[in-house]
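Everything below belongs to coords.pdb, which stores PDB, C-alpha atoms, pLDDT in the B column.
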ATOM      1  CA  MET A   1     -43.608  62.445 -20.426  1.00 80.00           C
ATOM      2  CA  LYS A   2     -42.094  60.904 -17.302  1.00 86.00           C
ATOM      3  CA  SER A   3     -41.620  63.491 -14.544  1.00 87.00           C
ATOM      4  CA  TYR A   4     -40.385  61.337 -11.661  1.00 89.00           C
ATOM      5  CA  THR A   5     -39.050  57.868 -10.830  1.00 92.00           C
ATOM      6  CA  ASN A   6     -41.483  54.970 -10.849  1.00 89.00           C
ATOM      7  CA  LEU A   7     -42.058  52.601  -7.947  1.00 86.00           C
ATOM      8  CA  GLU A   8     -39.401  50.100  -9.023  1.00 90.00           C
ATOM      9  CA  GLN A   9     -36.769  52.803  -9.621  1.00 94.00           C
ATOM     10  CA  GLY A  10     -37.616  54.469  -6.302  1.00 91.00           C
ATOM     11  CA  LYS A  11     -37.061  51.209  -4.437  1.00 90.00           C
ATOM     12  CA  LYS A  12     -33.727  50.547  -6.163  1.00 94.00           C
ATOM     13  CA  LEU A  13     -32.457  54.088  -5.638  1.00 95.00           C
ATOM     14  CA  ALA A  14     -33.475  53.972  -1.978  1.00 91.00           C
ATOM     15  CA  GLU A  15     -30.873  51.236  -1.524  1.00 93.00           C
ATOM     16  CA  ILE A  16     -27.976  53.353  -2.783  1.00 95.00           C
ATOM     17  CA  LEU A  17     -28.885  57.014  -2.202  1.00 94.00           C
ATOM     18  CA  PRO A  18     -29.430  59.026   0.976  1.00 91.00           C
ATOM     19  CA  LEU A  19     -33.169  59.326   1.544  1.00 86.00           C
ATOM     20  CA  GLU A  20     -32.786  63.090   2.137  1.00 86.00           C
ATOM     21  CA  SER A  21     -32.036  63.421  -1.578  1.00 91.00           C
ATOM     22  CA  ALA A  22     -35.607  62.409  -2.526  1.00 89.00           C
ATOM     23  CA  ASP A  23     -37.976  65.343  -3.062  1.00 86.00           C
ATOM     24  CA  MET A  24     -41.165  63.281  -3.337  1.00 83.00           C
ATOM     25  CA  PHE A  25     -42.695  60.078  -2.122  1.00 81.00           C
ATOM     26  CA  LEU A  26     -45.091  57.546  -3.576  1.00 77.00           C
ATOM     27  CA  ALA A  27     -47.869  56.454  -1.269  1.00 70.00           C
ATOM     28  CA  LEU A  28     -48.429  52.768  -1.833  1.00 66.00           C
ATOM     29  CA  ASN A  29     -52.185  52.953  -1.590  1.00 62.00           C
ATOM     30  CA  GLY A  30     -52.747  53.716  -5.238  1.00 58.00           C
ATOM     31  CA  HIS A  31     -49.205  54.884  -6.112  1.00 60.00           C
ATOM     32  CA  ILE A  32     -50.213  58.515  -5.771  1.00 62.00           C
ATOM     33  CA  PRO A  33     -47.161  60.757  -6.012  1.00 65.00           C
ATOM     34  CA  VAL A  34     -47.030  63.489  -3.415  1.00 66.00           C
ATOM     35  CA  MET A  35     -44.660  66.404  -3.734  1.00 66.00           C
ATOM     36  CA  SER A  36     -43.083  66.603  -0.338  1.00 63.00           C
ATOM     37  CA  LYS A  37     -39.767  65.876   1.254  1.00 63.00           C
ATOM     38  CA  TYR A  38     -39.603  62.207   2.158  1.00 59.00           C
ATOM     39  CA  ILE A  39     -37.819  62.536   5.454  1.00 56.00           C
ATOM     40  CA  ASP A  40     -39.304  65.857   6.543  1.00 53.00           C
ATOM     41  CA  ASP A  41     -42.793  64.431   6.561  1.00 53.00           C
ATOM     42  CA  GLY A  42     -41.801  61.508   8.759  1.00 52.00           C
ATOM     43  CA  LEU A  43     -43.099  59.035   6.223  1.00 52.00           C
ATOM     44  CA  VAL A  44     -40.429  56.408   6.736  1.00 50.00           C
ATOM     45  CA  THR A  45     -42.817  53.984   8.303  1.00 49.00           C
ATOM     46  CA  ALA A  46     -42.250  50.507   9.675  1.00 46.00           C
ATOM     47  CA  ASP A  47     -44.727  48.989   7.229  1.00 51.00           C
ATOM     48  CA  ASN A  48     -43.194  50.846   4.246  1.00 55.00           C
ATOM     49  CA  THR A  49     -46.453  52.438   3.156  1.00 64.00           C
ATOM     50  CA  ALA A  50     -44.540  55.203   1.385  1.00 75.00           C
ATOM     51  CA  ILE A  51     -41.385  54.976  -0.656  1.00 80.00           C
ATOM     52  CA  PRO A  52     -39.056  57.758  -1.779  1.00 85.00           C
ATOM     53  CA  CYS A  53     -39.298  59.170  -5.257  1.00 88.00           C
ATOM     54  CA  TRP A  54     -37.016  61.530  -7.188  1.00 92.00           C
ATOM     55  CA  SER A  55     -37.946  64.246  -9.688  1.00 91.00           C
ATOM     56  CA  LEU A  56     -35.511  65.001 -12.521  1.00 93.00           C
ATOM     57  CA  ALA A  57     -34.131  67.997 -10.601  1.00 93.00           C
ATOM     58  CA  ALA A  58     -33.515  65.792  -7.543  1.00 93.00           C
ATOM     59  CA  LEU A  59     -31.764  63.120  -9.653  1.00 95.00           C
ATOM     60  CA  LEU A  60     -29.488  65.746 -11.230  1.00 94.00           C
ATOM     61  CA  ASP A  61     -28.755  67.103  -7.764  1.00 93.00           C
ATOM     62  CA  VAL A  62     -27.443  63.675  -6.772  1.00 95.00           C
ATOM     63  CA  LEU A  63     -25.132  63.284  -9.782  1.00 94.00           C
ATOM     64  CA  PRO A  64     -21.633  64.786  -9.464  1.00 92.00           C
ATOM     65  CA  ASN A  65     -21.212  67.964 -11.547  1.00 86.00           C
ATOM     66  CA  GLU A  66     -17.705  66.864 -12.438  1.00 88.00           C
ATOM     67  CA  ILE A  67     -15.881  63.542 -12.567  1.00 90.00           C
ATOM     68  CA  SER A  68     -12.091  63.521 -12.257  1.00 88.00           C
ATOM     69  CA  THR A  69      -9.956  60.599 -13.356  1.00 86.00           C
ATOM     70  CA  GLY A  70      -6.695  62.519 -12.830  1.00 83.00           C
ATOM     71  CA  GLU A  71      -5.229  65.918 -11.969  1.00 80.00           C
ATOM     72  CA  GLU A  72      -4.852  67.281 -15.522  1.00 81.00           C
ATOM     73  CA  TRP A  73      -7.662  69.324 -17.105  1.00 77.00           C
ATOM     74  CA  HIS A  74      -8.284  66.690 -19.768  1.00 78.00           C
ATOM     75  CA  ASN A  75      -9.090  64.183 -17.018  1.00 83.00           C
ATOM     76  CA  LYS A  76     -11.985  66.290 -15.719  1.00 88.00           C
ATOM     77  CA  TYR A  77     -15.423  65.693 -17.227  1.00 91.00           C
ATOM     78  CA  GLN A  78     -18.613  67.760 -16.966  1.00 91.00           C
ATOM     79  CA  ILE A  79     -22.172  66.495 -17.042  1.00 92.00           C
ATOM     80  CA  ASP A  80     -24.061  67.046 -20.320  1.00 92.00           C
ATOM     81  CA  ILE A  81     -27.803  66.358 -20.720  1.00 92.00           C
ATOM     82  CA  ARG A  82     -29.050  66.113 -24.318  1.00 90.00           C
ATOM     83  CA  LYS A  83     -32.311  65.732 -26.163  1.00 87.00           C
ATOM     84  CA  TYR A  84     -32.501  65.101 -29.875  1.00 83.00           C
ATOM     85  CA  ASN A  85     -34.705  63.866 -32.667  1.00 83.00           C
ATOM     86  CA  GLY A  86     -34.592  60.113 -33.003  1.00 81.00           C
ATOM     87  CA  GLY A  87     -36.522  60.069 -36.290  1.00 82.00           C
ATOM     88  CA  ASP A  88     -40.109  58.888 -36.844  1.00 82.00           C
ATOM     89  CA  ASN A  89     -41.336  61.612 -34.482  1.00 81.00           C
ATOM     90  CA  THR A  90     -39.441  60.128 -31.555  1.00 87.00           C
ATOM     91  CA  THR A  91     -37.364  62.083 -29.072  1.00 87.00           C
ATOM     92  CA  LEU A  92     -34.294  60.572 -27.486  1.00 91.00           C
ATOM     93  CA  TYR A  93     -32.326  61.608 -24.416  1.00 92.00           C
ATOM     94  CA  GLN A  94     -28.819  60.939 -23.257  1.00 92.00           C
ATOM     95  CA  ILE A  95     -26.656  61.902 -20.287  1.00 94.00           C
ATOM     96  CA  ALA A  96     -22.895  61.978 -20.610  1.00 94.00           C
ATOM     97  CA  TYR A  97     -19.779  63.106 -18.798  1.00 94.00           C
ATOM     98  CA  GLY A  98     -17.278  64.613 -21.196  1.00 90.00           C
ATOM     99  CA  ASN A  99     -15.050  67.556 -22.079  1.00 87.00           C
ATOM    100  CA  ASN A 100     -13.600  69.458 -25.024  1.00 81.00           C
ATOM    101  CA  ARG A 101     -10.394  67.498 -25.305  1.00 74.00           C
ATOM    102  CA  GLY A 102     -11.098  66.328 -28.883  1.00 64.00           C
ATOM    103  CA  SER A 103      -8.366  67.148 -31.424  1.00 67.00           C
ATOM    104  CA  SER A 104     -10.471  69.980 -32.862  1.00 70.00           C
ATOM    105  CA  GLY A 105     -11.705  71.102 -29.458  1.00 72.00           C
ATOM    106  CA  SER A 106     -14.881  69.142 -30.032  1.00 81.00           C
ATOM    107  CA  TRP A 107     -16.818  67.480 -27.242  1.00 81.00           C
ATOM    108  CA  HIS A 108     -15.662  64.012 -26.233  1.00 86.00           C
ATOM    109  CA  ASP A 109     -17.770  61.678 -24.060  1.00 88.00           C
ATOM    110  CA  MET A 110     -15.874  59.813 -21.375  1.00 90.00           C
ATOM    111  CA  ILE A 111     -19.028  57.877 -20.480  1.00 92.00           C
ATOM    112  CA  ASN A 112     -22.692  58.074 -21.495  1.00 92.00           C
ATOM    113  CA  THR A 113     -25.942  56.287 -20.813  1.00 92.00           C
ATOM    114  CA  GLY A 114     -26.876  55.490 -24.378  1.00 88.00           C
ATOM    115  CA  GLU A 115     -30.157  56.693 -25.834  1.00 90.00           C
ATOM    116  CA  ARG A 116     -33.314  56.529 -23.754  1.00 91.00           C
ATOM    117  CA  GLN A 117     -36.859  57.720 -24.368  1.00 90.00           C
ATOM    118  CA  ASN A 118     -36.982  59.876 -21.259  1.00 91.00           C
ATOM    119  CA  LEU A 119     -34.548  61.730 -19.029  1.00 92.00           C
ATOM    120  CA  ILE A 120     -35.637  60.091 -15.787  1.00 94.00           C
ATOM    121  CA  ASP A 121     -34.493  56.676 -17.062  1.00 95.00           C
ATOM    122  CA  SER A 122     -31.240  58.218 -18.358  1.00 95.00           C
ATOM    123  CA  CYS A 123     -30.538  59.793 -14.976  1.00 95.00           C
ATOM    124  CA  VAL A 124     -31.266  56.578 -13.091  1.00 96.00           C
ATOM    125  CA  ASP A 125     -28.915  54.705 -15.458  1.00 95.00           C
ATOM    126  CA  MET A 126     -26.186  57.311 -14.900  1.00 96.00           C
ATOM    127  CA  ILE A 127     -26.563  57.135 -11.116  1.00 97.00           C
ATOM    128  CA  PHE A 128     -26.021  53.371 -11.224  1.00 96.00           C
ATOM    129  CA  LEU A 129     -23.041  53.824 -13.606  1.00 95.00           C
ATOM    130  CA  CYS A 130     -21.516  56.389 -11.240  1.00 95.00           C
ATOM    131  CA  LYS A 131     -22.083  54.106  -8.280  1.00 95.00           C
ATOM    132  CA  GLU A 132     -20.487  51.191 -10.148  1.00 94.00           C
ATOM    133  CA  HIS A 133     -17.391  53.307 -10.927  1.00 93.00           C
ATOM    134  CA  LYS A 134     -17.348  54.726  -7.380  1.00 93.00           C
ATOM    135  CA  TRP A 135     -17.823  58.312  -8.585  1.00 92.00           C
ATOM    136  CA  LEU A 136     -20.813  58.633  -6.275  1.00 90.00           C
TER
ATOM    137  CA  MET B   1     -32.786  72.122  -4.572  1.00 81.00           C
ATOM    138  CA  LYS B   2     -35.520  73.487  -6.824  1.00 88.00           C
ATOM    139  CA  SER B   3     -37.789  70.759  -8.280  1.00 87.00           C
ATOM    140  CA  TYR B   4     -40.257  72.846 -10.324  1.00 90.00           C
ATOM    141  CA  THR B   5     -40.982  76.395 -11.484  1.00 94.00           C
ATOM    142  CA  ASP B   6     -41.863  78.861  -8.746  1.00 92.00           C
ATOM    143  CA  LEU B   7     -45.119  80.797  -8.801  1.00 90.00           C
ATOM    144  CA  GLU B   8     -43.668  83.861 -10.549  1.00 93.00           C
ATOM    145  CA  GLN B   9     -41.947  81.762 -13.239  1.00 96.00           C
ATOM    146  CA  SER B  10     -45.083  79.693 -13.723  1.00 93.00           C
ATOM    147  CA  LYS B  11     -47.219  82.768 -14.354  1.00 92.00           C
ATOM    148  CA  LYS B  12     -44.727  84.076 -16.936  1.00 95.00           C
ATOM    149  CA  LEU B  13     -44.434  80.715 -18.703  1.00 96.00           C
ATOM    150  CA  ALA B  14     -48.200  80.338 -18.843  1.00 93.00           C
ATOM    151  CA  GLU B  15     -48.209  83.329 -21.208  1.00 94.00           C
ATOM    152  CA  ILE B  16     -45.542  81.790 -23.436  1.00 94.00           C
ATOM    153  CA  LEU B  17     -45.986  78.022 -23.524  1.00 95.00           C
ATOM    154  CA  PRO B  18     -48.876  75.765 -24.513  1.00 92.00           C
ATOM    155  CA  LEU B  19     -50.661  74.644 -21.363  1.00 89.00           C
ATOM    156  CA  GLU B  20     -50.496  71.020 -22.563  1.00 89.00           C
ATOM    157  CA  SER B  21     -46.754  71.151 -21.841  1.00 92.00           C
ATOM    158  CA  THR B  22     -47.283  71.382 -18.046  1.00 90.00           C
ATOM    159  CA  ASP B  23     -46.962  68.330 -15.838  1.00 88.00           C
ATOM    160  CA  MET B  24     -47.861  69.989 -12.531  1.00 86.00           C
ATOM    161  CA  HIS B  25     -50.039  72.755 -11.147  1.00 84.00           C
ATOM    162  CA  TYR B  26     -50.318  75.010  -8.114  1.00 84.00           C
ATOM    163  CA  VAL B  27     -53.537  74.739  -6.147  1.00 79.00           C
ATOM    164  CA  LEU B  28     -54.933  77.654  -4.184  1.00 74.00           C
ATOM    165  CA  THR B  29     -54.903  76.399  -0.592  1.00 73.00           C
ATOM    166  CA  ASP B  30     -55.655  79.634   1.228  1.00 73.00           C
ATOM    167  CA  SER B  31     -57.675  82.189  -0.699  1.00 70.00           C
ATOM    168  CA  ASP B  32     -57.343  84.839   2.020  1.00 70.00           C
ATOM    169  CA  GLN B  33     -53.565  84.870   1.861  1.00 68.00           C
ATOM    170  CA  GLU B  34     -53.339  83.695  -1.769  1.00 68.00           C
ATOM    171  CA  THR B  35     -51.224  80.693  -0.788  1.00 72.00           C
ATOM    172  CA  TYR B  36     -50.581  78.050  -3.441  1.00 70.00           C
ATOM    173  CA  SER B  37     -49.248  74.498  -3.025  1.00 71.00           C
ATOM    174  CA  PRO B  38     -47.764  72.373  -5.805  1.00 70.00           C
ATOM    175  CA  GLY B  39     -49.662  69.337  -7.067  1.00 69.00           C
ATOM    176  CA  LEU B  40     -48.332  66.557  -9.230  1.00 66.00           C
ATOM    177  CA  GLU B  41     -50.946  66.530 -11.913  1.00 65.00           C
ATOM    178  CA  LYS B  42     -51.149  68.206 -15.259  1.00 65.00           C
ATOM    179  CA  TYR B  43     -52.839  71.617 -15.397  1.00 64.00           C
ATOM    180  CA  TYR B  44     -56.239  71.419 -17.063  1.00 64.00           C
ATOM    181  CA  GLY B  45     -57.026  75.120 -17.203  1.00 66.00           C
ATOM    182  CA  VAL B  46     -59.189  75.028 -14.098  1.00 65.00           C
ATOM    183  CA  LEU B  47     -59.128  78.086 -11.867  1.00 65.00           C
ATOM    184  CA  PRO B  48     -57.975  78.836  -9.209  1.00 67.00           C
ATOM    185  CA  SER B  49     -54.952  76.695 -10.020  1.00 79.00           C
ATOM    186  CA  ILE B  50     -51.826  77.822 -11.869  1.00 86.00           C
ATOM    187  CA  PRO B  51     -49.824  75.673 -14.301  1.00 89.00           C
ATOM    188  CA  CYS B  52     -46.368  74.583 -13.200  1.00 90.00           C
ATOM    189  CA  TRP B  53     -43.460  72.839 -14.974  1.00 93.00           C
ATOM    190  CA  SER B  54     -41.017  70.263 -13.614  1.00 92.00           C
ATOM    191  CA  LEU B  55     -37.513  70.126 -15.098  1.00 93.00           C
ATOM    192  CA  ALA B  56     -38.534  67.199 -17.330  1.00 91.00           C
ATOM    193  CA  ALA B  57     -41.405  69.278 -18.739  1.00 93.00           C
ATOM    194  CA  LEU B  58     -39.219  72.367 -19.289  1.00 95.00           C
ATOM    195  CA  LEU B  59     -36.677  70.339 -21.257  1.00 93.00           C
ATOM    196  CA  GLY B  60     -39.578  68.970 -23.277  1.00 91.00           C
ATOM    197  CA  VAL B  61     -40.372  72.408 -24.749  1.00 94.00           C
ATOM    198  CA  ILE B  62     -36.835  73.671 -25.483  1.00 94.00           C
ATOM    199  CA  PRO B  63     -35.698  72.863 -29.045  1.00 92.00           C
ATOM    200  CA  LYS B  64     -32.731  70.439 -28.997  1.00 90.00           C
ATOM    201  CA  PRO B  65     -31.572  71.391 -25.493  1.00 92.00           C
ATOM    202  CA  ASP B  66     -28.128  70.665 -24.130  1.00 91.00           C
ATOM    203  CA  LEU B  67     -28.015  71.185 -20.341  1.00 93.00           C
ATOM    204  CA  ILE B  68     -24.524  71.389 -18.858  1.00 91.00           C
ATOM    205  CA  GLN B  69     -23.214  71.925 -15.340  1.00 89.00           C
ATOM    206  CA  ASN B  70     -19.727  73.422 -15.282  1.00 85.00           C
ATOM    207  CA  SER B  71     -16.975  72.639 -12.800  1.00 79.00           C
ATOM    208  CA  GLU B  72     -18.019  75.582 -10.587  1.00 84.00           C
ATOM    209  CA  GLY B  73     -21.469  74.010 -10.288  1.00 86.00           C
ATOM    210  CA  THR B  74     -23.434  76.558 -12.329  1.00 92.00           C
ATOM    211  CA  TRP B  75     -25.825  75.494 -15.089  1.00 94.00           C
ATOM    212  CA  LEU B  76     -25.966  76.529 -18.729  1.00 93.00           C
ATOM    213  CA  VAL B  77     -28.327  75.584 -21.535  1.00 95.00           C
ATOM    214  CA  HIS B  78     -27.702  75.550 -25.259  1.00 93.00           C
ATOM    215  CA  SER B  79     -30.633  75.247 -27.630  1.00 94.00           C
ATOM    216  CA  TRP B  80     -29.896  74.354 -31.213  1.00 89.00           C
ATOM    217  CA  VAL B  81     -32.272  76.163 -33.545  1.00 89.00           C
ATOM    218  CA  ASN B  82     -31.498  76.066 -37.285  1.00 85.00           C
ATOM    219  CA  ALA B  83     -28.010  74.771 -36.427  1.00 83.00           C
ATOM    220  CA  TYR B  84     -27.272  77.830 -34.250  1.00 89.00           C
ATOM    221  CA  PRO B  85     -26.575  77.317 -30.519  1.00 88.00           C
ATOM    222  CA  TRP B  86     -28.505  79.859 -28.441  1.00 94.00           C
ATOM    223  CA  SER B  87     -27.125  79.893 -24.893  1.00 95.00           C
ATOM    224  CA  VAL B  88     -27.830  81.085 -21.370  1.00 96.00           C
ATOM    225  CA  GLY B  89     -25.627  80.340 -18.381  1.00 94.00           C
ATOM    226  CA  GLY B  90     -24.510  81.088 -14.858  1.00 94.00           C
ATOM    227  CA  TYR B  91     -27.585  79.724 -13.060  1.00 96.00           C
ATOM    228  CA  SER B  92     -27.418  77.972  -9.690  1.00 94.00           C
ATOM    229  CA  ASN B  93     -30.065  75.400 -10.634  1.00 94.00           C
ATOM    230  CA  PRO B  94     -31.292  73.793 -13.883  1.00 94.00           C
ATOM    231  CA  ILE B  95     -34.895  75.035 -13.489  1.00 96.00           C
ATOM    232  CA  ASP B  96     -33.833  78.717 -13.573  1.00 97.00           C
ATOM    233  CA  ALA B  97     -31.476  78.022 -16.505  1.00 97.00           C
ATOM    234  CA  CYS B  98     -34.278  76.411 -18.545  1.00 97.00           C
ATOM    235  CA  VAL B  99     -36.772  79.194 -17.730  1.00 97.00           C
ATOM    236  CA  ALA B 100     -34.206  81.797 -18.846  1.00 97.00           C
ATOM    237  CA  MET B 101     -33.664  79.904 -22.095  1.00 97.00           C
ATOM    238  CA  ILE B 102     -37.409  79.701 -22.797  1.00 97.00           C
ATOM    239  CA  GLU B 103     -37.802  83.442 -22.161  1.00 97.00           C
ATOM    240  CA  LYS B 104     -34.825  84.184 -24.424  1.00 96.00           C
ATOM    241  CA  LEU B 105     -36.143  82.032 -27.277  1.00 96.00           C
ATOM    242  CA  HIS B 106     -39.582  83.581 -26.864  1.00 96.00           C
ATOM    243  CA  LYS B 107     -38.145  87.130 -27.159  1.00 94.00           C
ATOM    244  CA  ILE B 108     -36.660  86.265 -30.539  1.00 92.00           C
ATOM    245  CA  ASN B 109     -39.790  84.401 -31.666  1.00 89.00           C
ATOM    246  CA  LEU B 110     -38.207  80.962 -31.650  1.00 90.00           C
ATOM    247  CA  ILE B 111     -40.756  79.609 -29.156  1.00 88.00           C
TER
END
Rewrite the structure of this file - the entire thing - as structure tokens.
Amino acid sequence: MKSYTNLEQGKKLAEILPLESADMFLALNGHIPVMSKYIDDGLVTADNTAIPCWSLAALLDVLPNEISTGEEWHNKYQIDIRKYNGGDNTTLYQIAYGNNRGSSGSWHDMINTGERQNLIDSCVDMIFLCKEHKWL
Amino acid sequence: MKSYTDLEQSKKLAEILPLESTDMHYVLTDSDQETYSPGLEKYYGVLPSIPCWSLAALLGVIPKPDLIQNSEGTWLVHSWVNAYPWSVGGYSNPIDACVAMIEKLHKINLI
């Protein structure tokens, strides 16, 4: 199970997210994750010996709880985080923004990340999708 | 923002969930004042530490979870067991919503 962003994801996210949104950091001497606020601990060092890292809760905190593409109710989409059986004893995860505007009141995805094997990767994908569409 | 289960939640969950499902633990840092600090390693049943769950680990133990944040910002969880959606909602953060769902499913013997 992946509980937080890896080194590569942390570096990429640090370019697009406020550093205050990270709830952990990875110390580069051995990639040891430490659970502590990145900024609070004054670990933004000139030689970059620590980089920010996000837990799943911190990633979800960054994502908008609602995306609006218009004023009407059917243009407002809520975040939905799913886990399901992918067959062959695999578990798949997906993050979507959607609403119940389907003809039978069923859930309709406006956008989703596609299936991933862990939620951290799904969240990182969705953050980049939101950034690309300027929802973030 | 809440990143992992608090001490009280962790103690309750330790009675319900398999300890292999943890991905963190609290370490006793001051035995006089019983102060615990979170550590980012799995709990291995060693005292005086207490198991702790991140959001990723909590979602790992809920059957077919669906975690939704509504437009007011509160969190709800559905869990699909035998094609029936058990639900809890109205929580200000996803950790509390998932803990409530686990406790609910445990009460009706579904976890």
Among listed residues B:Met101, B:Val81, B:Met1, B:Leu110, nearest Leu56 (chain A) (using all atoms listed in the file): B:Met1
Can I get the residues of chain B within 7 Å of chain A, each with the closest pair of atoms and their distance in Å to one decimal, using all atoms listed in the file, sorted chain first then ascending number, as CSV?
residue,atom,partner,partner_atom,distance
B:Lys2,CA,A:Ala57,CA,6.8
B:Ser3,CA,A:Ala57,CA,5.1
B:Gly39,CA,A:Met35,CA,6.7
B:Leu40,CA,A:Met35,CA,6.6
B:Ser54,CA,A:Ser3,CA,6.9
B:Leu55,CA,A:Ala57,CA,6.0
B:Ala56,CA,A:Ser3,CA,5.6
B:Lys64,CA,A:Tyr84,CA,5.4
B:Pro65,CA,A:Lys83,CA,5.7
B:Asp66,CA,A:Arg82,CA,4.6
B:Leu67,CA,A:Ile81,CA,4.8
B:Ile68,CA,A:Asp80,CA,4.6
B:Gln69,CA,A:Ile79,CA,5.8
B:Asn70,CA,A:Gln78,CA,6.0
B:Ser71,CA,A:Glu66,CA,5.8
B:Gly73,CA,A:Asn65,CA,6.2
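Atom pair CA of Asp109 (chain A) / CA of Leu59 (chain B) has a distance of 21.0 Å (rounded to one decimal).
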For a quick check of your reading of the model, name the residues lying within 6 Å of the coordinate (-44.5, 74.2, -21.2), counting all atoms listed in the file, and write them as a PyMOL selection string. chain B and resi 17-18+21-22+58+61
Expected residue set, 7 Å radius at (-32.0, 73.9, -29.1), all atoms listed in the file, as a PDB file with C-alpha atoms, in the coordinates of the input:
ATOM      1  CA  ILE B  62     -36.835  73.671 -25.483  1.00 94.00           C
ATOM      2  CA  PRO B  63     -35.698  72.863 -29.045  1.00 92.00           C
ATOM      3  CA  LYS B  64     -32.731  70.439 -28.997  1.00 90.00           C
ATOM      4  CA  PRO B  65     -31.572  71.391 -25.493  1.00 92.00           C
ATOM      5  CA  HIS B  78     -27.702  75.550 -25.259  1.00 93.00           C
ATOM      6  CA  SER B  79     -30.633  75.247 -27.630  1.00 94.00           C
ATOM      7  CA  TRP B  80     -29.896  74.354 -31.213  1.00 89.00           C
ATOM      8  CA  VAL B  81     -32.272  76.163 -33.545  1.00 89.00           C
ATOM      9  CA  PRO B  85     -26.575  77.317 -30.519  1.00 88.00           C
ATOM     10  CA  TRP B  86     -28.505  79.859 -28.441  1.00 94.00           C
TER      11      TRP B  86
END
Could you state which residues are captured by the PyMOL selection byres ((chain B and resi 11) around 12) in this file, as a ChimeraX atom specification? /B:5-10,12-17,19,22,25-26,49-53,99
Counting only C-alpha atoms, which residue out of A:Ser122, A:Arg101, A:Ala50, A:Ser106 sits closest to Ala14 (chain A)?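 Under the stated criterion, the closest residue is A:Ala50.
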Grab region 59-76 of chain A from that structure and dump C-alpha atoms to a file, as a compact mmCIF listing (two decimals), in the first residue's frame.
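Wrote result14.txt, looks like this:
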# COMPACT_ATOMS: atom_id res chain seq x y z
CA LEU A 59 -3.69 15.52 -1.49
CA LEU A 60 -7.48 15.42 -1.04
CA ASP A 61 -7.27 18.68 0.89
CA VAL A 62 -5.67 20.31 -2.15
CA LEU A 63 -8.31 19.10 -4.63
CA PRO A 64 -11.43 21.28 -5.01
CA ASN A 65 -14.52 19.72 -3.39
CA GLU A 66 -16.61 20.95 -6.28
CA ILE A 67 -15.92 21.92 -9.88
CA SER A 68 -18.33 24.29 -11.63
CA THR A 69 -18.51 24.62 -15.39
CA GLY A 70 -21.62 26.83 -15.25
CA GLU A 71 -24.26 28.29 -12.94
CA GLU A 72 -26.88 25.52 -13.25
CA TRP A 73 -26.89 22.60 -10.79
CA HIS A 74 -26.06 20.10 -13.53
CA ASN A 75 -22.83 21.99 -14.20
CA LYS A 76 -21.56 21.41 -10.65
